[in-house]
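Undergrad: What follows is work37.txt; its format and atoms are compact mmCIF, C-alpha atoms (C1' of nucleotides).
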```txt
# COMPACT_ATOMS: atom_id res chain seq x y z
CA MET A 1 2.23 156.88 98.67
CA GLY A 2 3.64 153.45 98.96
CA ILE A 3 7.01 154.84 99.93
CA ASP A 4 6.50 153.76 103.48
CA ILE A 5 5.79 150.25 102.28
CA LEU A 6 9.03 150.09 100.29
CA ASP A 7 10.94 151.60 103.16
CA SER A 8 9.56 149.15 105.64
CA LEU A 9 10.70 146.28 103.44
CA GLY A 10 14.25 147.52 103.67
CA ILE A 11 14.75 147.98 99.95
CA LYS A 12 15.74 151.12 98.10
CA VAL A 13 13.03 153.55 97.20
CA THR A 14 13.24 154.26 93.49
CA LYS A 15 11.00 156.10 91.08
CA GLN A 16 10.20 152.85 89.30
CA ARG A 17 9.29 150.93 92.41
CA ARG A 18 7.03 153.71 93.59
CA ALA A 19 5.31 153.78 90.23
CA ILE A 20 4.80 150.02 90.16
CA LEU A 21 3.51 149.93 93.68
CA ASN A 22 1.11 152.76 92.93
CA VAL A 23 -0.35 150.89 90.01
CA ILE A 24 -0.96 147.94 92.27
CA LEU A 25 -2.36 150.05 95.07
CA GLN A 26 -4.81 151.68 92.70
CA ALA A 27 -5.96 148.46 91.08
CA GLU A 28 -9.09 146.84 92.32
CA VAL A 29 -8.11 143.48 90.93
CA PRO A 30 -4.96 141.39 90.67
CA LEU A 31 -2.82 142.39 87.71
CA SER A 32 -0.37 140.54 85.51
CA ALA A 33 3.12 141.84 84.86
CA ASP A 34 2.18 143.08 81.42
CA GLU A 35 -0.94 144.83 82.63
CA ILE A 36 1.19 146.64 85.16
CA TYR A 37 3.72 147.47 82.50
CA ALA A 38 0.99 148.84 80.26
CA ARG A 39 -0.28 151.16 82.97
CA LEU A 40 3.26 152.37 83.40
CA ALA A 41 4.02 153.10 79.80
CA GLN A 42 4.38 156.86 80.20
CA ASP A 43 6.81 156.46 83.04
CA GLY A 44 9.27 154.63 80.86
CA THR A 45 9.82 151.80 83.28
CA ASN A 46 11.44 148.77 81.74
CA PHE A 47 9.69 145.43 81.54
CA SER A 48 12.53 143.68 83.32
CA THR A 49 12.26 146.14 86.13
CA VAL A 50 8.59 145.36 86.48
CA TYR A 51 9.35 141.66 86.76
CA ARG A 52 12.24 142.19 89.12
CA THR A 53 10.25 144.49 91.33
CA LEU A 54 7.31 142.12 91.47
CA ALA A 55 9.63 139.28 92.38
CA THR A 56 11.25 141.34 95.10
CA LEU A 57 7.96 142.49 96.54
CA ALA A 58 6.58 138.97 96.51
CA GLU A 59 9.71 137.67 98.16
CA LYS A 60 9.48 140.31 100.85
CA GLY A 61 5.91 139.32 101.42
CA ALA A 62 4.29 142.54 100.24
CA LEU A 63 2.63 140.90 97.27
CA ILE A 64 1.18 137.52 96.58
CA LYS A 65 0.85 135.65 93.33
CA VAL A 66 -2.50 134.36 92.26
CA GLY A 67 -3.96 132.89 89.14
CA GLU A 68 -4.67 129.55 87.61
CA ALA A 69 -2.06 126.93 86.91
CA GLY A 70 -0.56 127.47 83.51
CA ALA A 71 -1.92 130.97 83.05
CA LYS A 72 -0.20 134.31 83.48
CA THR A 73 0.76 135.06 87.06
CA LEU A 74 -1.32 137.77 88.66
CA PHE A 75 -0.04 139.92 91.50
CA GLN A 76 -1.90 141.65 94.27
CA LEU A 77 -1.16 143.22 97.62
CA LYS A 78 -0.90 140.73 100.39
CA ASP A 79 -3.85 142.08 102.16
CA HIS A 80 -4.54 141.87 105.80
CA THR A 81 -8.09 141.25 104.74
CA HIS A 82 -7.57 138.00 103.10
CA LYS A 83 -9.38 137.58 99.75
CA HIS A 84 -9.80 134.82 97.24
CA HIS A 85 -11.00 134.94 93.67
CA LEU A 86 -13.58 133.78 91.30
CA ILE A 87 -12.35 133.88 87.72
CA CYS A 88 -14.46 133.69 84.61
CA THR A 89 -12.93 131.15 82.26
CA GLU A 90 -14.37 132.96 79.25
CA CYS A 91 -13.53 136.61 79.77
CA ARG A 92 -11.03 136.38 82.64
CA LYS A 93 -13.02 138.76 84.78
CA VAL A 94 -11.98 138.48 88.42
CA LEU A 95 -14.32 138.78 91.38
CA GLU A 96 -13.30 138.81 95.00
CA ILE A 97 -14.69 136.40 97.52
CA ASP A 98 -14.89 137.26 101.16
CA GLU A 99 -14.96 133.95 102.90
CA CYS A 100 -11.78 132.10 103.69
CA PRO A 101 -12.44 128.66 105.08
CA ILE A 102 -8.79 127.80 105.11
CA GLU A 103 -7.33 129.37 108.19
CA ALA A 104 -8.85 126.78 110.41
CA LEU A 105 -7.90 123.95 108.14
CA SER A 106 -4.28 124.98 107.92
CA HIS A 107 -3.47 124.47 111.60
CA GLU A 108 -4.88 121.02 111.40
CA ILE A 109 -2.80 120.23 108.35
CA ALA A 110 0.37 121.67 109.82
CA ASP A 111 -0.04 119.28 112.71
CA SER A 112 -0.67 116.20 110.67
CA THR A 113 2.05 116.78 108.07
CA GLY A 114 4.81 118.58 109.93
CA PHE A 115 4.86 121.27 107.24
CA LYS A 116 5.27 124.86 108.20
CA ILE A 117 2.38 126.35 106.25
CA THR A 118 3.41 129.61 104.63
CA GLY A 119 0.55 130.36 102.33
CA HIS A 120 -2.39 129.14 100.43
CA CYS A 121 -4.24 129.83 97.28
CA LEU A 122 -7.89 129.24 96.72
CA GLU A 123 -9.55 130.00 93.47
CA LEU A 124 -12.85 129.24 91.97
CA THR A 125 -13.46 129.23 88.26
CA GLY A 126 -16.74 129.52 86.48
CA VAL A 127 -18.63 131.34 83.81
CA CYS A 128 -19.93 134.79 84.60
CA PRO A 129 -23.55 135.66 83.84
CA SER A 130 -22.65 137.80 80.86
CA CYS A 131 -20.50 135.13 79.23
CA ALA A 132 -23.08 132.52 79.99
CA ARG A 133 -25.55 134.57 77.98
CA HIS A 134 -23.21 134.80 75.01
CA LEU A 135 -22.46 131.13 75.10
CA LEU A 136 -26.11 130.40 74.68
CA LYS A 137 -26.37 132.43 71.49
CA ASP A 138 -23.06 132.23 69.69
CA VAL A 139 -21.11 129.17 68.96
CA LYS A 140 -18.17 129.47 71.30
CA PRO A 141 -15.43 131.31 69.43
CA LYS A 142 -11.96 129.72 69.16
CA MET B 1 -5.74 99.80 81.19
CA GLY B 2 -7.05 103.26 80.66
CA ILE B 3 -8.52 102.24 77.33
CA ASP B 4 -11.98 102.32 78.74
CA ILE B 5 -11.36 105.86 79.93
CA LEU B 6 -10.29 107.02 76.49
CA ASP B 7 -13.16 105.22 74.90
CA SER B 8 -15.68 106.71 77.24
CA LEU B 9 -14.43 110.18 76.32
CA GLY B 10 -15.24 109.52 72.72
CA ILE B 11 -11.72 110.07 71.43
CA LYS B 12 -9.56 107.73 69.43
CA VAL B 13 -7.55 105.17 71.30
CA THR B 14 -3.93 105.40 70.23
CA LYS B 15 -0.75 103.88 71.55
CA GLN B 16 0.47 107.28 72.69
CA ARG B 17 -2.67 108.17 74.56
CA ARG B 18 -2.71 104.86 76.32
CA ALA B 19 0.91 105.33 77.34
CA ILE B 20 0.34 108.83 78.62
CA LEU B 21 -2.74 107.85 80.54
CA ASN B 22 -0.92 104.93 82.08
CA VAL B 23 1.84 107.15 83.34
CA ILE B 24 -0.75 109.34 84.99
CA LEU B 25 -2.68 106.40 86.39
CA GLN B 26 0.45 105.01 87.93
CA ALA B 27 1.64 108.26 89.43
CA GLU B 28 0.83 108.95 93.02
CA VAL B 29 1.26 112.67 92.57
CA PRO B 30 0.38 115.26 89.96
CA LEU B 31 2.91 115.40 87.13
CA SER B 32 4.07 118.10 84.78
CA ALA B 33 4.15 117.63 81.02
CA ASP B 34 7.89 117.11 81.01
CA GLU B 35 7.78 114.60 83.83
CA ILE B 36 5.24 112.63 81.88
CA TYR B 37 7.36 112.92 78.77
CA ALA B 38 10.40 111.68 80.67
CA ARG B 39 8.59 108.59 81.88
CA LEU B 40 7.59 107.93 78.32
CA ALA B 41 11.02 108.21 76.77
CA GLN B 42 11.26 104.58 75.68
CA ASP B 43 7.91 104.73 73.98
CA GLY B 44 9.07 107.43 71.62
CA THR B 45 6.08 109.64 72.16
CA ASN B 46 6.54 113.17 70.97
CA PHE B 47 6.49 116.12 73.34
CA SER B 48 3.76 117.85 71.33
CA THR B 49 1.64 114.77 71.57
CA VAL B 50 2.01 114.83 75.32
CA TYR B 51 0.83 118.41 75.44
CA ARG B 52 -1.98 117.82 73.00
CA THR B 53 -3.17 114.75 74.84
CA LEU B 54 -3.07 116.49 78.19
CA ALA B 55 -5.04 119.38 76.76
CA THR B 56 -7.60 117.04 75.28
CA LEU B 57 -7.98 115.02 78.44
CA ALA B 58 -8.32 118.17 80.52
CA GLU B 59 -10.89 119.54 78.12
CA LYS B 60 -12.88 116.34 78.27
CA GLY B 61 -12.77 116.56 82.03
CA ALA B 62 -10.65 113.49 82.66
CA LEU B 63 -7.74 115.49 84.03
CA ILE B 64 -7.41 118.64 86.03
CA LYS B 65 -4.60 121.14 86.12
CA VAL B 66 -3.08 122.06 89.41
CA GLY B 67 -0.04 123.96 90.53
CA GLU B 68 0.95 127.40 91.62
CA ALA B 69 0.50 130.45 89.46
CA GLY B 70 3.52 131.01 87.31
CA ALA B 71 4.95 127.57 87.81
CA LYS B 72 4.76 124.54 85.57
CA THR B 73 1.28 123.17 85.18
CA LEU B 74 0.75 119.83 86.89
CA PHE B 75 -1.83 117.33 85.72
CA GLN B 76 -3.70 114.70 87.62
CA LEU B 77 -6.74 112.55 87.22
CA LYS B 78 -9.92 114.32 88.02
CA ASP B 79 -10.69 112.11 90.86
CA HIS B 80 -14.09 111.39 92.20
CA THR B 81 -12.41 111.69 95.54
CA HIS B 82 -11.55 115.27 95.39
CA LYS B 83 -8.02 116.12 96.53
CA HIS B 84 -6.05 119.26 97.14
CA HIS B 85 -2.35 119.81 97.60
CA LEU B 86 0.30 120.95 99.93
CA ILE B 87 3.45 121.94 98.07
CA CYS B 88 6.88 122.49 99.58
CA THR B 89 8.26 125.77 98.30
CA GLU B 90 11.83 124.51 98.69
CA CYS B 91 11.85 121.06 97.14
CA ARG B 92 8.49 121.07 95.31
CA LYS B 93 7.37 117.91 97.02
CA VAL B 94 3.62 117.49 96.75
CA LEU B 95 1.37 116.04 99.44
CA GLU B 96 -2.31 115.36 99.12
CA ILE B 97 -4.87 116.79 101.47
CA ASP B 98 -8.12 115.06 102.10
CA GLU B 99 -10.41 117.78 103.28
CA CYS B 100 -12.25 119.96 100.82
CA PRO B 101 -14.13 122.74 102.52
CA ILE B 102 -15.14 124.25 99.24
CA GLU B 103 -18.10 122.30 98.02
CA ALA B 104 -20.39 123.92 100.51
CA LEU B 105 -18.99 127.35 99.88
CA SER B 106 -19.44 127.14 96.14
CA HIS B 107 -23.21 126.89 96.15
CA GLU B 108 -23.37 129.94 98.29
CA ILE B 109 -21.09 131.83 95.94
CA ALA B 110 -22.93 130.73 92.84
CA ASP B 111 -26.06 132.22 94.33
CA SER B 112 -24.56 135.53 95.30
CA THR B 113 -22.59 136.13 92.10
CA GLY B 114 -24.64 134.51 89.39
CA PHE B 115 -21.56 132.61 88.20
CA LYS B 116 -21.88 129.05 87.11
CA ILE B 117 -19.06 127.54 89.16
CA THR B 118 -17.13 125.03 87.09
CA GLY B 119 -14.13 124.31 89.25
CA HIS B 120 -11.87 125.34 92.00
CA CYS B 121 -8.31 125.10 93.01
CA LEU B 122 -7.06 125.08 96.55
CA GLU B 123 -3.43 124.82 97.34
CA LEU B 124 -1.39 125.28 100.41
CA THR B 125 2.28 126.06 100.33
CA GLY B 126 4.79 125.57 103.06
CA VAL B 127 8.12 124.12 103.96
CA CYS B 128 8.34 120.40 104.51
CA PRO B 129 10.06 119.04 107.61
CA SER B 130 13.13 117.90 105.71
CA CYS B 131 13.68 121.25 104.01
CA ALA B 132 13.02 123.06 107.24
CA ARG B 133 15.91 121.13 108.73
CA HIS B 134 18.26 122.08 105.91
CA LEU B 135 17.28 125.70 106.09
CA LEU B 136 18.36 125.79 109.70
CA LYS B 137 21.86 124.58 108.90
CA ASP B 138 22.81 125.92 105.52
CA VAL B 139 22.49 129.43 104.38
CA LYS B 140 19.69 129.25 101.89
CA PRO B 141 21.29 128.67 98.47
CA LYS B 142 20.49 130.97 95.56
C1' DA C 1 31.90 155.67 97.83
C1' DT C 2 29.50 151.58 97.88
C1' DT C 3 26.10 148.70 96.76
C1' DG C 4 21.71 147.98 94.99
C1' DT C 5 18.83 149.02 90.90
C1' DT C 6 17.89 149.84 86.05
C1' DG C 7 17.86 149.33 80.95
C1' DC C 8 18.81 146.77 77.11
C1' DA C 9 19.30 142.88 74.56
C1' DA C 10 19.77 138.29 74.46
C1' DA C 11 18.65 133.80 76.58
C1' DT C 12 15.37 130.37 78.71
C1' DA C 13 11.42 127.71 79.90
C1' DG C 14 7.05 126.20 78.96
C1' DT C 15 3.71 125.58 75.69
C1' DT C 16 1.48 125.94 71.08
C1' DT C 17 1.01 125.49 66.04
C1' DG C 18 1.39 124.43 60.74
C1' DC C 19 1.90 120.98 57.82
C1' DA C 20 2.89 116.60 55.80
C1' DT C 21 2.44 111.76 57.25
C1' DT C 22 0.26 107.94 59.64
C1' DC C 23 -3.24 105.60 62.11
C1' DT C 24 -8.05 104.56 64.09
C1' DG C 25 -12.85 103.71 63.63
C1' DC D 1 -11.75 105.81 53.24
C1' DA D 2 -12.31 110.03 56.01
C1' DG D 3 -11.24 112.34 59.69
C1' DA D 4 -8.44 112.46 63.69
C1' DA D 5 -3.88 112.01 65.78
C1' DT D 6 1.18 112.23 65.41
C1' DG D 7 5.95 113.91 64.58
C1' DC D 8 8.91 117.45 63.58
C1' DA D 9 10.46 121.89 63.46
C1' DA D 10 9.51 126.35 64.02
C1' DA D 11 6.84 129.99 66.46
C1' DC D 12 5.19 132.03 70.64
C1' DT D 13 4.49 133.81 75.29
C1' DA D 14 5.92 134.58 79.76
C1' DT D 15 9.73 135.25 82.42
C1' DT D 16 14.74 135.53 83.56
C1' DT D 17 19.56 136.96 83.22
C1' DG D 18 24.39 139.17 82.12
C1' DC D 19 26.43 143.24 81.97
C1' DA D 20 27.44 148.06 81.79
C1' DA D 21 25.50 152.55 83.21
C1' DC D 22 23.26 154.84 87.08
C1' DA D 23 21.11 156.28 91.37
C1' DA D 24 19.99 155.77 96.41
C1' DT D 25 21.87 155.54 100.96
```
Write out the structure in this file as structure tokens.

TA:
Amino acid sequence: MGIDILDSLGIKVTKQRRAILNVILQAEVPLSADEIYARLAQDGTNFSTVYRTLATLAEKGALIKVGEAGAKTLFQLKDHTHKHHLICTECRKVLEIDECPIEALSHEIADSTGFKITGHCLELTGVCPSCARHLLKDVKPK
Amino acid sequence: MGIDILDSLGIKVTKQRRAILNVILQAEVPLSADEIYARLAQDGTNFSTVYRTLATLAEKGALIKVGEAGAKTLFQLKDHTHKHHLICTECRKVLEIDECPIEALSHEIADSTGFKITGHCLELTGVCPSCARHLLKDVKPK
DNA sequence: ATTGTTGCAAATAGTTTGCATTCTG
DNA sequence: CAGAATGCAAACTATTTGCAACAAT
């Protein structure tokens, strides 16, 4: 599983890369490098390898980076079915959003700016219902 | 200049804060902490103070953070006139985009998810005309 | 056999923090 | 004057890199 993906990118198929890709394939949400590393612990894959593999996969276009400015980078499959995220600023829970109002916009912008548009990132932040409840009771910790 | 902003946030007006805010007010594009620090060099404002001030201003809602995941955080005024960005992946040039197709979307999403939507971030990436030209000639460096 | 990939440890980059000092309201 | 803000240096966190050993094509 995932071998075909690695193969089709024209990079060597190694045990580590398969393992990393599997973690990502099995995840329902975008993961950070250290979350991926944690789920890999038994396999004895090195942290540097995780970073290098993620960088390679992102460069080859198999993964995309998401996440807020200044926060840990999250990685997810560059999915055919294009998804955006809604992130809870309290607990960091991530929800997927279906709509993507950008495709249309991007042609327009390419024309007016001369840029070759290669990607976009749309993220909404908010407070999820469960955190909202806690915030009402407790004084906000930290 | 900018004093009224600080005042209205209910925080103390100091020389450093005024200087930092002025740099931001005068910038036409979002700036990173170190860019702000650089433009402040003569004023002898400390780097920590820059970070602390930016954090405070962002917390109070006067600034927003933008920028790609994993890259340096950029700060800009939270403008009434809501702007998004188009960033060149080669030279990091930043262009502003006028349209914001999100406002409408966010009500819809708030309803369906129960989240209280507090913000959003939309960014497009691409290659600017000038970098596109260079990429044609040179082999891409690095 | 050759070249790309990995592990390890050390280096960076960006950002945050503790504490004594200084300044604003 | 009291509490908030600053400077400085040191701590952190996330990420990257040099190099020798190793594995995939």

Undergrad: Counting only C-alpha atoms (C1' of nucleotides), which residues of chain B come no farther than 9 Å from chain D, as a VMD selection string?

TA: chain B and resid 11 to 12 14 16 45 to 46 48 to 49 70

Undergrad: Can you check which residues of chain A have any atom within 7 Å of chain B? Use only C-alpha atoms and format it as a list of chain:residue names.

TA: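 For chain A, the answer reads A:Lys65, A:Val66, A:Gly67, A:Glu68, A:Ala69, A:Gly70, A:Ala71, A:Lys72, A:Thr73, A:Pro101, A:Gly114, A:Phe115, A:Lys116, A:Ile117, A:Thr118, A:Gly119, A:His120, A:Cys121, A:Leu122, A:Glu123, A:Leu124, A:Thr125, A:Gly126, A:Val127, A:Cys128, A:Pro129.
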
Undergrad: Out of B:Ile5, B:Leu25, B:Ala55, B:Leu40, which residue has the shortest atom-to-atom distance to chain C when counting all atoms listed in the file?

TA: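 The shortest atom-to-atom distance to chain C comes from B:Ala55.
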
Undergrad: Output, as a tab-separated table (two decimals) with C-alpha atoms, in the coordinates of the input, the coordinates of chain A following least-squares superposition onto chain B across all in-order C-alpha pairs.

TA:
```
chain	number	residue	atom	x	y	z
A	1	MET	CA	-5.89	99.85	81.18
A	2	GLY	CA	-7.15	103.30	80.64
A	3	ILE	CA	-8.58	102.33	77.29
A	4	ASP	CA	-12.06	102.43	78.67
A	5	ILE	CA	-11.43	105.95	79.89
A	6	LEU	CA	-10.31	107.13	76.45
A	7	ASP	CA	-13.19	105.34	74.83
A	8	SER	CA	-15.71	106.86	77.15
A	9	LEU	CA	-14.43	110.32	76.27
A	10	GLY	CA	-15.23	109.69	72.65
A	11	ILE	CA	-11.71	110.21	71.37
A	12	LYS	CA	-9.56	107.81	69.39
A	13	VAL	CA	-7.61	105.24	71.29
A	14	THR	CA	-3.98	105.47	70.24
A	15	LYS	CA	-0.81	103.89	71.54
A	16	GLN	CA	0.44	107.28	72.68
A	17	ARG	CA	-2.69	108.23	74.55
A	18	ARG	CA	-2.76	104.90	76.33
A	19	ALA	CA	0.86	105.33	77.34
A	20	ILE	CA	0.31	108.86	78.63
A	21	LEU	CA	-2.77	107.89	80.54
A	22	ASN	CA	-0.95	104.95	82.08
A	23	VAL	CA	1.81	107.18	83.35
A	24	ILE	CA	-0.78	109.36	85.00
A	25	LEU	CA	-2.72	106.44	86.40
A	26	GLN	CA	0.42	105.02	87.95
A	27	ALA	CA	1.61	108.28	89.45
A	28	GLU	CA	0.83	109.00	93.03
A	29	VAL	CA	1.28	112.71	92.57
A	30	PRO	CA	0.40	115.32	89.96
A	31	LEU	CA	2.92	115.42	87.14
A	32	SER	CA	4.10	118.13	84.78
A	33	ALA	CA	4.17	117.64	81.03
A	34	ASP	CA	7.91	117.11	81.02
A	35	GLU	CA	7.81	114.61	83.85
A	36	ILE	CA	5.26	112.65	81.89
A	37	TYR	CA	7.37	112.92	78.79
A	38	ALA	CA	10.40	111.66	80.69
A	39	ARG	CA	8.56	108.59	81.91
A	40	LEU	CA	7.57	107.94	78.33
A	41	ALA	CA	10.97	108.22	76.77
A	42	GLN	CA	11.23	104.59	75.68
A	43	ASP	CA	7.89	104.72	73.97
A	44	GLY	CA	9.05	107.41	71.61
A	45	THR	CA	6.06	109.64	72.15
A	46	ASN	CA	6.57	113.18	70.97
A	47	PHE	CA	6.52	116.12	73.34
A	48	SER	CA	3.83	117.86	71.33
A	49	THR	CA	1.69	114.80	71.58
A	50	VAL	CA	2.05	114.83	75.33
A	51	TYR	CA	0.89	118.44	75.46
A	52	ARG	CA	-1.92	117.87	73.02
A	53	THR	CA	-3.13	114.81	74.83
A	54	LEU	CA	-3.04	116.54	78.19
A	55	ALA	CA	-5.00	119.44	76.76
A	56	THR	CA	-7.56	117.10	75.27
A	57	LEU	CA	-7.96	115.10	78.44
A	58	ALA	CA	-8.29	118.24	80.52
A	59	GLU	CA	-10.84	119.63	78.11
A	60	LYS	CA	-12.84	116.43	78.26
A	61	GLY	CA	-12.75	116.63	82.00
A	62	ALA	CA	-10.63	113.55	82.63
A	63	LEU	CA	-7.74	115.53	84.03
A	64	ILE	CA	-7.40	118.68	86.02
A	65	LYS	CA	-4.59	121.18	86.14
A	66	VAL	CA	-3.04	122.09	89.43
A	67	GLY	CA	-0.02	123.98	90.57
A	68	GLU	CA	0.96	127.41	91.69
A	69	ALA	CA	0.52	130.53	89.63
A	70	GLY	CA	3.52	131.07	87.44
A	71	ALA	CA	4.95	127.60	87.89
A	72	LYS	CA	4.79	124.60	85.60
A	73	THR	CA	1.30	123.20	85.18
A	74	LEU	CA	0.78	119.88	86.88
A	75	PHE	CA	-1.81	117.37	85.72
A	76	GLN	CA	-3.69	114.74	87.64
A	77	LEU	CA	-6.75	112.58	87.22
A	78	LYS	CA	-9.93	114.35	88.03
A	79	ASP	CA	-10.68	112.14	90.89
A	80	HIS	CA	-14.03	111.36	92.27
A	81	THR	CA	-12.33	111.60	95.61
A	82	HIS	CA	-11.51	115.18	95.52
A	83	LYS	CA	-7.98	116.06	96.72
A	84	HIS	CA	-6.03	119.22	97.25
A	85	HIS	CA	-2.32	119.74	97.71
A	86	LEU	CA	0.31	120.97	99.99
A	87	ILE	CA	3.46	121.92	98.12
A	88	CYS	CA	6.87	122.48	99.60
A	89	THR	CA	8.27	125.72	98.25
A	90	GLU	CA	11.82	124.45	98.68
A	91	CYS	CA	11.84	120.98	97.17
A	92	ARG	CA	8.48	120.96	95.36
A	93	LYS	CA	7.36	117.83	97.15
A	94	VAL	CA	3.60	117.42	96.90
A	95	LEU	CA	1.37	116.04	99.62
A	96	GLU	CA	-2.31	115.33	99.32
A	97	ILE	CA	-4.86	116.80	101.64
A	98	ASP	CA	-8.12	115.09	102.33
A	99	GLU	CA	-10.41	117.83	103.44
A	100	CYS	CA	-12.25	119.96	100.95
A	101	PRO	CA	-14.09	122.81	102.59
A	102	ILE	CA	-15.12	124.25	99.28
A	103	GLU	CA	-18.09	122.28	98.12
A	104	ALA	CA	-20.36	123.97	100.55
A	105	LEU	CA	-18.96	127.38	99.84
A	106	SER	CA	-19.39	127.06	96.10
A	107	HIS	CA	-23.18	126.82	96.13
A	108	GLU	CA	-23.33	129.93	98.19
A	109	ILE	CA	-21.06	131.76	95.80
A	110	ALA	CA	-22.91	130.58	92.73
A	111	ASP	CA	-26.03	132.12	94.18
A	112	SER	CA	-24.54	135.44	95.07
A	113	THR	CA	-22.57	135.96	91.86
A	114	GLY	CA	-24.63	134.27	89.17
A	115	PHE	CA	-21.56	132.34	88.03
A	116	LYS	CA	-21.87	128.75	87.03
A	117	ILE	CA	-19.06	127.29	89.11
A	118	THR	CA	-17.12	124.73	87.11
A	119	GLY	CA	-14.12	124.07	89.26
A	120	HIS	CA	-11.87	125.18	91.99
A	121	CYS	CA	-8.31	124.94	93.02
A	122	LEU	CA	-7.05	125.01	96.54
A	123	GLU	CA	-3.42	124.76	97.36
A	124	LEU	CA	-1.38	125.28	100.41
A	125	THR	CA	2.30	126.05	100.30
A	126	GLY	CA	4.81	125.63	103.05
A	127	VAL	CA	8.14	124.20	103.96
A	128	CYS	CA	8.35	120.49	104.60
A	129	PRO	CA	10.08	119.21	107.74
A	130	SER	CA	13.13	118.02	105.85
A	131	CYS	CA	13.67	121.33	104.07
A	132	ALA	CA	13.03	123.20	107.25
A	133	ARG	CA	15.92	121.29	108.80
A	134	HIS	CA	18.26	122.17	105.95
A	135	LEU	CA	17.29	125.79	106.05
A	136	LEU	CA	18.38	125.96	109.63
A	137	LYS	CA	21.88	124.73	108.84
A	138	ASP	CA	22.80	125.91	105.38
A	139	VAL	CA	22.45	129.34	104.04
A	140	LYS	CA	19.60	129.01	101.59
A	141	PRO	CA	21.11	128.16	98.22
A	142	LYS	CA	20.26	130.34	95.19
```

Undergrad: Dump as JSON lines the rows for residues of chain C within 9 Å of chain A: closest atom pair and distance in Å with one decimal, all atoms listed in the file counted, ordered by chain and rising residue number.

TA:
```
{"residue": "C:DG4", "atom": "C1'", "partner": "A:Lys12", "partner_atom": "CA", "distance": 7.4}
{"residue": "C:DT5", "atom": "C1'", "partner": "A:Thr14", "partner_atom": "CA", "distance": 8.1}
{"residue": "C:DT6", "atom": "C1'", "partner": "A:Thr49", "partner_atom": "CA", "distance": 6.7}
{"residue": "C:DG7", "atom": "C1'", "partner": "A:Asn46", "partner_atom": "CA", "distance": 6.5}
{"residue": "C:DC8", "atom": "C1'", "partner": "A:Asn46", "partner_atom": "CA", "distance": 8.9}
{"residue": "C:DG14", "atom": "C1'", "partner": "A:Gly70", "partner_atom": "CA", "distance": 9.0}
```

Undergrad: Atom CA of Val29 of chain A and atom C1' of DT16 of chain C are how many Å apart?

TA: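 So the answer is 28.2 Å.
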
Undergrad: Can you work out the spacing between atom CA of Tyr37 of chain A and atom CA of Ser32 of chain B in Å, to one decimal?

TA: 29.5 Å

Undergrad: For each of B:Ala38, B:Leu77, B:Val94, B:Ala33, take the minimum atom-to-atom distance to DT15 of chain C, counting all atoms listed in the file, then give the residue where this is smallest.

TA: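 Comparing B:Ala38, B:Leu77, B:Val94, B:Ala33 against DT15 of chain C, the winner is B:Ala33.
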
Undergrad: Reconstruct N, CA and C atoms of segment 57-68 of chain A from the incomplete input and present them as a PDB file, in the coordinates of the input.

TA:
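For reference, selection.pdb as written:
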```pdb
ATOM      1  N   LEU A  57       9.074 142.199  95.640  1.00  0.00           N
ATOM      2  CA  LEU A  57       7.960 142.490  96.540  1.00  0.00           C
ATOM      3  C   LEU A  57       7.280 141.204  97.011  1.00  0.00           C
ATOM      4  N   ALA A  58       7.203 140.240  96.128  1.00  0.00           N
ATOM      5  CA  ALA A  58       6.580 138.970  96.510  1.00  0.00           C
ATOM      6  C   ALA A  58       7.469 138.243  97.513  1.00  0.00           C
ATOM      7  N   GLU A  59       8.754 138.331  97.279  1.00  0.00           N
ATOM      8  CA  GLU A  59       9.710 137.670  98.160  1.00  0.00           C
ATOM      9  C   GLU A  59       9.685 138.293  99.557  1.00  0.00           C
ATOM     10  N   LYS A  60       9.522 139.590  99.572  1.00  0.00           N
ATOM     11  CA  LYS A  60       9.480 140.310 100.850  1.00  0.00           C
ATOM     12  C   LYS A  60       8.126 140.173 101.515  1.00  0.00           C
ATOM     13  N   GLY A  61       7.206 139.566 100.811  1.00  0.00           N
ATOM     14  CA  GLY A  61       5.910 139.320 101.420  1.00  0.00           C
ATOM     15  C   GLY A  61       4.896 140.434 101.239  1.00  0.00           C
ATOM     16  N   ALA A  62       5.223 141.436 100.425  1.00  0.00           N
ATOM     17  CA  ALA A  62       4.290 142.540 100.240  1.00  0.00           C
ATOM     18  C   ALA A  62       3.223 142.208  99.205  1.00  0.00           C
ATOM     19  N   LEU A  63       3.572 141.315  98.305  1.00  0.00           N
ATOM     20  CA  LEU A  63       2.630 140.900  97.270  1.00  0.00           C
ATOM     21  C   LEU A  63       2.435 139.391  97.324  1.00  0.00           C
ATOM     22  N   ILE A  64       1.327 138.947  96.789  1.00  0.00           N
ATOM     23  CA  ILE A  64       1.180 137.520  96.580  1.00  0.00           C
ATOM     24  C   ILE A  64       0.807 137.260  95.123  1.00  0.00           C
ATOM     25  N   LYS A  65       1.155 136.066  94.687  1.00  0.00           N
ATOM     26  CA  LYS A  65       0.850 135.650  93.330  1.00  0.00           C
ATOM     27  C   LYS A  65      -0.439 134.859  93.346  1.00  0.00           C
ATOM     28  N   VAL A  66      -1.288 135.153  92.385  1.00  0.00           N
ATOM     29  CA  VAL A  66      -2.500 134.360  92.260  1.00  0.00           C
ATOM     30  C   VAL A  66      -2.690 134.008  90.801  1.00  0.00           C
ATOM     31  N   GLY A  67      -3.681 133.245  90.521  1.00  0.00           N
ATOM     32  CA  GLY A  67      -3.960 132.890  89.140  1.00  0.00           C
ATOM     33  C   GLY A  67      -3.942 131.391  88.953  1.00  0.00           C
ATOM     34  N   GLU A  68      -4.577 130.965  87.896  1.00  0.00           N
ATOM     35  CA  GLU A  68      -4.670 129.550  87.610  1.00  0.00           C
ATOM     36  C   GLU A  68      -3.349 128.935  87.195  1.00  0.00           C
TER      37      GLU A  68
END
```
